[in-house]
Structure formats: structure tokens, C-alpha cells
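Okay, so here's the structure we're looking at.
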Amino acid sequence: MKATEQTLQEVDRAIRKVAEKFPSSEEATMLTDIHLRVSQDSGELLAYDDDDNEINRCVVEQWIENKDDDFYQHVAATLRASLLKQKEKIEQMSILKPYSFVLEDDDKETIEELYLVDDDTVILQEELMAGLNKDLDDFLDHLLKE
């Protein structure tokens with residue numbers, strides 16, 4: 001499922017509205033995560049704070065009744081791309097650092113952490129980490145053989 005231009009615009013607008021709820025100011029809000037819930041049936045993208053208070057809601061047409069097995073992988077990639085595109089706004093939100101954007105399913109189960117905002121930490125995307133364990137194991141085996 002490749003995100004359409006309309007989907008990208010809807011997601012960008014939703015993320016922008018979340019960021020606008022926490023404009024840069026001197027007093028930061030005490031939050032640790034922004035929870036993004038996506039419904040595979042209704043296509044809704046909902047944003048919640050730690051206390052389960054709704055921050056924003058929109059419907060992404062392309063996601064309505066989507067039954068793809070890899071639905072959440074595609075949604076995560078789309079959301080991550082939007083967060084990265086709006087990185088400056090996201091990192092200036094008046095929330096105490098560190099805080100994360102977390103993707104959840106309808107049952108509030110965490111699917112994955114999409115983006116971590118912290119002054120000292122960088123979370124690498126999954127694709128960059130693929131094969132790292134094998135490389136480290138091979139390296140350790142090589143050292144032990146010497």
C-alpha cells in the first residue's frame with residue numbers, strides 16, 4: 001500500500017495540528033508520549049496524551065476498511081515520514097524532553113515507537129539496524145577465534 005498524495009496531506013495536517021496544540025513556550029507540559037492510534041476499519045488517526053485525552057482526530061480515506069496484512073508497517077512508515085518532514089515543529093513542542101510519538105492499534109497496544117525527541121539521544125530507524133545483530137555476532141566470533 002503506497003500512500004497517496006491525499007493520504008500524505010491528511011497525515012501531515014494531523015501531525016501539524018498535534019504540534020500546534022503544544023506551541024513553543026517557556027513552560028513545558030508534563031507528557032512523556034503522544035499516542036497515535038490508527039483504526040484499520042474506520043481509517044481514523046487519533047492522537048492522545050498520556051492521560052488518554054484526545055488531542056486530535058482525522059480520517060484518512062485510504063485507510064478505511066484496509067485489510068492489508070502489513071497495514072501497520074505502511075502506516076508507521078507514512079507517519080514516520082511526516083514526523084521527519086516536520087522535525088523542526090515536532091522538536092520545538094512545549095513538552096518536557098524526552099517524549100515520543102508512539103503508534104498504537106485499536107486496542108491501545110503499542111506497535112512501535114515512531115519518533116523520540118530528546119536532546120542527547122537519536123533513535124535509528126529499523127532499516128538502518130537490520131542485520132546489526134548478525135554483524136556483531138560475526139565480529140565476536142572472529143575475535144574469539146584469534
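Note on naming: chains are A, B, ... as they come in the C-alpha cells, residues start from 1 per chain, ligands start from 1 in the order shown.
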
query = Just asking: which residues within segment 65-126 of chain A are strand (DSSP E) according to DSSP, as a PyMOL selection string?
reply = chain A and resi 99-104+110-117

Taking C-alpha atoms for each residue, export the selection above as a short mmCIF file (atom, residue, chain, number, x, y, z; two decimals), in the first residue's frame.
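Just written: result.cif:
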```
data_model
loop_
_atom_site.label_atom_id
_atom_site.label_comp_id
_atom_site.auth_asym_id
_atom_site.auth_seq_id
_atom_site.Cartn_x
_atom_site.Cartn_y
_atom_site.Cartn_z
CA TYR A 99 8.97 12.42 24.69
CA SER A 100 7.92 10.02 21.97
CA PHE A 101 5.37 9.55 19.24
CA VAL A 102 4.08 6.01 19.59
CA LEU A 103 1.90 4.09 17.11
CA GLU A 104 -0.88 2.03 18.69
CA THR A 110 1.92 -0.33 21.17
CA ILE A 111 3.05 -1.28 17.69
CA GLU A 112 6.22 0.78 17.60
CA GLU A 113 7.89 3.97 18.71
CA LEU A 114 7.93 6.25 15.68
CA TYR A 115 9.98 9.19 16.84
CA LEU A 116 11.83 10.10 20.03
CA VAL A 117 12.51 13.73 20.88
#
```

task = Taking the DSSP assignment computed from this structure's backbone, write out as a PyMOL selection string all residues of segment 14-55 of chain A that belong to helix (DSSP H, G or I).
result = chain A and resi 14-20

ask   = Between A:Asp135, A:Asp106, A:Glu20, A:Asp49, which one has atoms that come closest to Arg37 of chain A, using only C-alpha atoms?
value = A:Asp106

task = Find the spatial neighbours of Glu10 of chain A, counting only C-alpha atoms, within a cut-off of 8 Å - ignore same-chain residues fewer than 3 positions away - and output them as a VMD selection string.
result = chain A and resid 6 to 7 13 to 14 58 to 60

query = Which neighbours of Asp50 of chain A fall inside 12 Å, counting only C-alpha atoms, when residues of the same chain fewer than 3 positions from it are skipped, and could you give them as a list of chain:residue names?
reply = A:Thr29, A:Met30, A:Leu31, A:Thr32, A:Asp33, A:Ile34, A:His35, A:Leu36, A:Ala47, A:Asn53, A:Glu54, A:Ile55, A:Ile95, A:Tyr99, A:Ser100, A:Phe101, A:Val102, A:Lys108

Give me a file of those residues, with all heavy atoms, as a compact mmCIF listing (two decimals), in the first residue's frame.
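Below is the file part-v3.txt, written as the result:
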```txt
# COMPACT_ATOMS: atom_id res chain seq x y z
N THR A 29 4.87 21.28 29.03
CA THR A 29 3.85 20.38 29.53
C THR A 29 4.49 19.07 29.98
O THR A 29 5.44 18.60 29.39
CB THR A 29 2.84 20.08 28.40
OG1 THR A 29 2.35 21.31 27.88
CG2 THR A 29 1.69 19.24 28.89
N MET A 30 3.95 18.49 31.02
CA MET A 30 4.47 17.22 31.54
C MET A 30 3.82 16.05 30.80
O MET A 30 2.78 15.55 31.20
CB MET A 30 4.16 17.11 33.04
CG MET A 30 4.82 18.16 33.89
SD MET A 30 6.54 17.82 34.17
CE MET A 30 6.45 16.47 35.29
N LEU A 31 4.39 15.65 29.72
CA LEU A 31 3.95 14.49 28.95
C LEU A 31 5.17 13.63 28.66
O LEU A 31 6.28 14.14 28.58
CB LEU A 31 3.34 14.91 27.61
CG LEU A 31 1.95 15.47 27.57
CD1 LEU A 31 1.58 15.85 26.14
CD2 LEU A 31 0.92 14.52 28.12
N THR A 32 4.93 12.35 28.46
CA THR A 32 6.05 11.50 28.05
C THR A 32 5.84 10.96 26.65
O THR A 32 6.81 10.64 25.98
CB THR A 32 6.25 10.32 29.02
OG1 THR A 32 5.04 9.57 29.08
CG2 THR A 32 6.63 10.80 30.39
N ASP A 33 4.59 10.85 26.20
CA ASP A 33 4.33 10.30 24.88
C ASP A 33 3.11 10.95 24.24
O ASP A 33 2.19 11.38 24.93
CB ASP A 33 4.05 8.78 24.95
CG ASP A 33 5.27 7.98 25.38
OD1 ASP A 33 6.37 8.29 24.90
OD2 ASP A 33 5.10 7.05 26.18
N ILE A 34 3.14 10.96 22.92
CA ILE A 34 1.96 11.26 22.12
C ILE A 34 1.58 9.93 21.49
O ILE A 34 2.39 9.33 20.77
CB ILE A 34 2.26 12.30 21.00
CG1 ILE A 34 2.81 13.61 21.59
CG2 ILE A 34 1.02 12.54 20.16
CD1 ILE A 34 1.84 14.45 22.36
N HIS A 35 0.39 9.46 21.78
CA HIS A 35 -0.06 8.16 21.30
C HIS A 35 -0.89 8.36 20.04
O HIS A 35 -1.90 9.07 20.07
CB HIS A 35 -0.91 7.47 22.37
CG HIS A 35 -0.20 7.31 23.67
ND1 HIS A 35 0.53 6.19 23.97
CD2 HIS A 35 -0.08 8.15 24.74
CE1 HIS A 35 1.05 6.33 25.18
NE2 HIS A 35 0.71 7.51 25.66
N LEU A 36 -0.44 7.78 18.95
CA LEU A 36 -1.16 7.84 17.68
C LEU A 36 -1.84 6.50 17.46
O LEU A 36 -1.17 5.48 17.34
CB LEU A 36 -0.19 8.15 16.53
CG LEU A 36 0.58 9.47 16.66
CD1 LEU A 36 1.60 9.60 15.53
CD2 LEU A 36 -0.37 10.66 16.65
N ALA A 47 -4.91 11.12 18.03
CA ALA A 47 -3.74 11.45 18.84
C ALA A 47 -4.21 11.68 20.27
O ALA A 47 -5.19 12.40 20.50
CB ALA A 47 -3.04 12.68 18.31
N ASN A 53 -6.37 11.68 26.93
CA ASN A 53 -7.17 12.82 26.46
C ASN A 53 -6.90 13.00 24.98
O ASN A 53 -5.74 13.03 24.55
CB ASN A 53 -6.80 14.10 27.21
CG ASN A 53 -7.09 14.01 28.69
OD1 ASN A 53 -8.15 13.56 29.10
ND2 ASN A 53 -6.11 14.39 29.50
N GLU A 54 -7.96 13.14 24.21
CA GLU A 54 -7.80 13.29 22.76
C GLU A 54 -7.20 14.65 22.43
O GLU A 54 -7.65 15.68 22.92
CB GLU A 54 -9.16 13.14 22.08
CG GLU A 54 -9.06 13.10 20.58
CD GLU A 54 -10.40 12.85 19.92
OE1 GLU A 54 -11.07 11.86 20.27
OE2 GLU A 54 -10.77 13.66 19.05
N ILE A 55 -6.18 14.63 21.59
CA ILE A 55 -5.52 15.85 21.14
C ILE A 55 -6.01 16.23 19.75
O ILE A 55 -6.26 17.39 19.45
CB ILE A 55 -3.98 15.67 21.11
CG1 ILE A 55 -3.46 15.34 22.49
CG2 ILE A 55 -3.30 16.91 20.56
CD1 ILE A 55 -2.01 14.90 22.52
N ILE A 95 6.85 20.37 25.41
CA ILE A 95 6.71 19.16 26.21
C ILE A 95 8.09 18.86 26.78
O ILE A 95 9.09 18.97 26.08
CB ILE A 95 6.22 17.96 25.35
CG1 ILE A 95 4.85 18.28 24.74
CG2 ILE A 95 6.16 16.69 26.18
CD1 ILE A 95 4.34 17.21 23.79
N TYR A 99 10.33 12.86 24.98
CA TYR A 99 8.97 12.42 24.69
C TYR A 99 8.97 11.70 23.35
O TYR A 99 9.87 11.89 22.55
CB TYR A 99 7.96 13.55 24.73
CG TYR A 99 8.20 14.69 23.76
CD1 TYR A 99 7.62 14.69 22.50
CD2 TYR A 99 8.99 15.77 24.14
CE1 TYR A 99 7.83 15.75 21.63
CE2 TYR A 99 9.20 16.84 23.27
CZ TYR A 99 8.61 16.82 22.02
OH TYR A 99 8.82 17.87 21.15
N SER A 100 7.97 10.87 23.16
CA SER A 100 7.92 10.02 21.97
C SER A 100 6.58 10.12 21.28
O SER A 100 5.56 10.42 21.90
CB SER A 100 8.11 8.55 22.33
OG SER A 100 9.23 8.35 23.09
N PHE A 101 6.59 9.80 20.01
CA PHE A 101 5.37 9.55 19.24
C PHE A 101 5.31 8.04 19.08
O PHE A 101 6.25 7.43 18.55
CB PHE A 101 5.44 10.24 17.87
CG PHE A 101 5.18 11.71 17.94
CD1 PHE A 101 6.18 12.59 18.32
CD2 PHE A 101 3.92 12.22 17.64
CE1 PHE A 101 5.95 13.95 18.39
CE2 PHE A 101 3.68 13.58 17.71
CZ PHE A 101 4.69 14.45 18.09
N VAL A 102 4.22 7.45 19.55
CA VAL A 102 4.08 6.01 19.59
C VAL A 102 2.85 5.60 18.77
O VAL A 102 1.77 6.16 18.95
CB VAL A 102 3.93 5.51 21.05
CG1 VAL A 102 3.74 4.01 21.09
CG2 VAL A 102 5.11 5.95 21.89
N LYS A 108 -5.19 -0.19 21.88
CA LYS A 108 -4.19 0.58 22.63
C LYS A 108 -2.89 -0.18 22.86
O LYS A 108 -2.14 0.11 23.78
CB LYS A 108 -4.76 1.07 23.97
CG LYS A 108 -5.99 1.93 23.84
CD LYS A 108 -6.49 2.37 25.19
CE LYS A 108 -7.77 3.16 25.06
NZ LYS A 108 -8.30 3.56 26.36
```

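Counting only C-alpha atoms, the residue from A:His74, A:Leu84, A:Gln62, A:Leu136 that sits nearest to Glu5 of chain A is A:Gln62.
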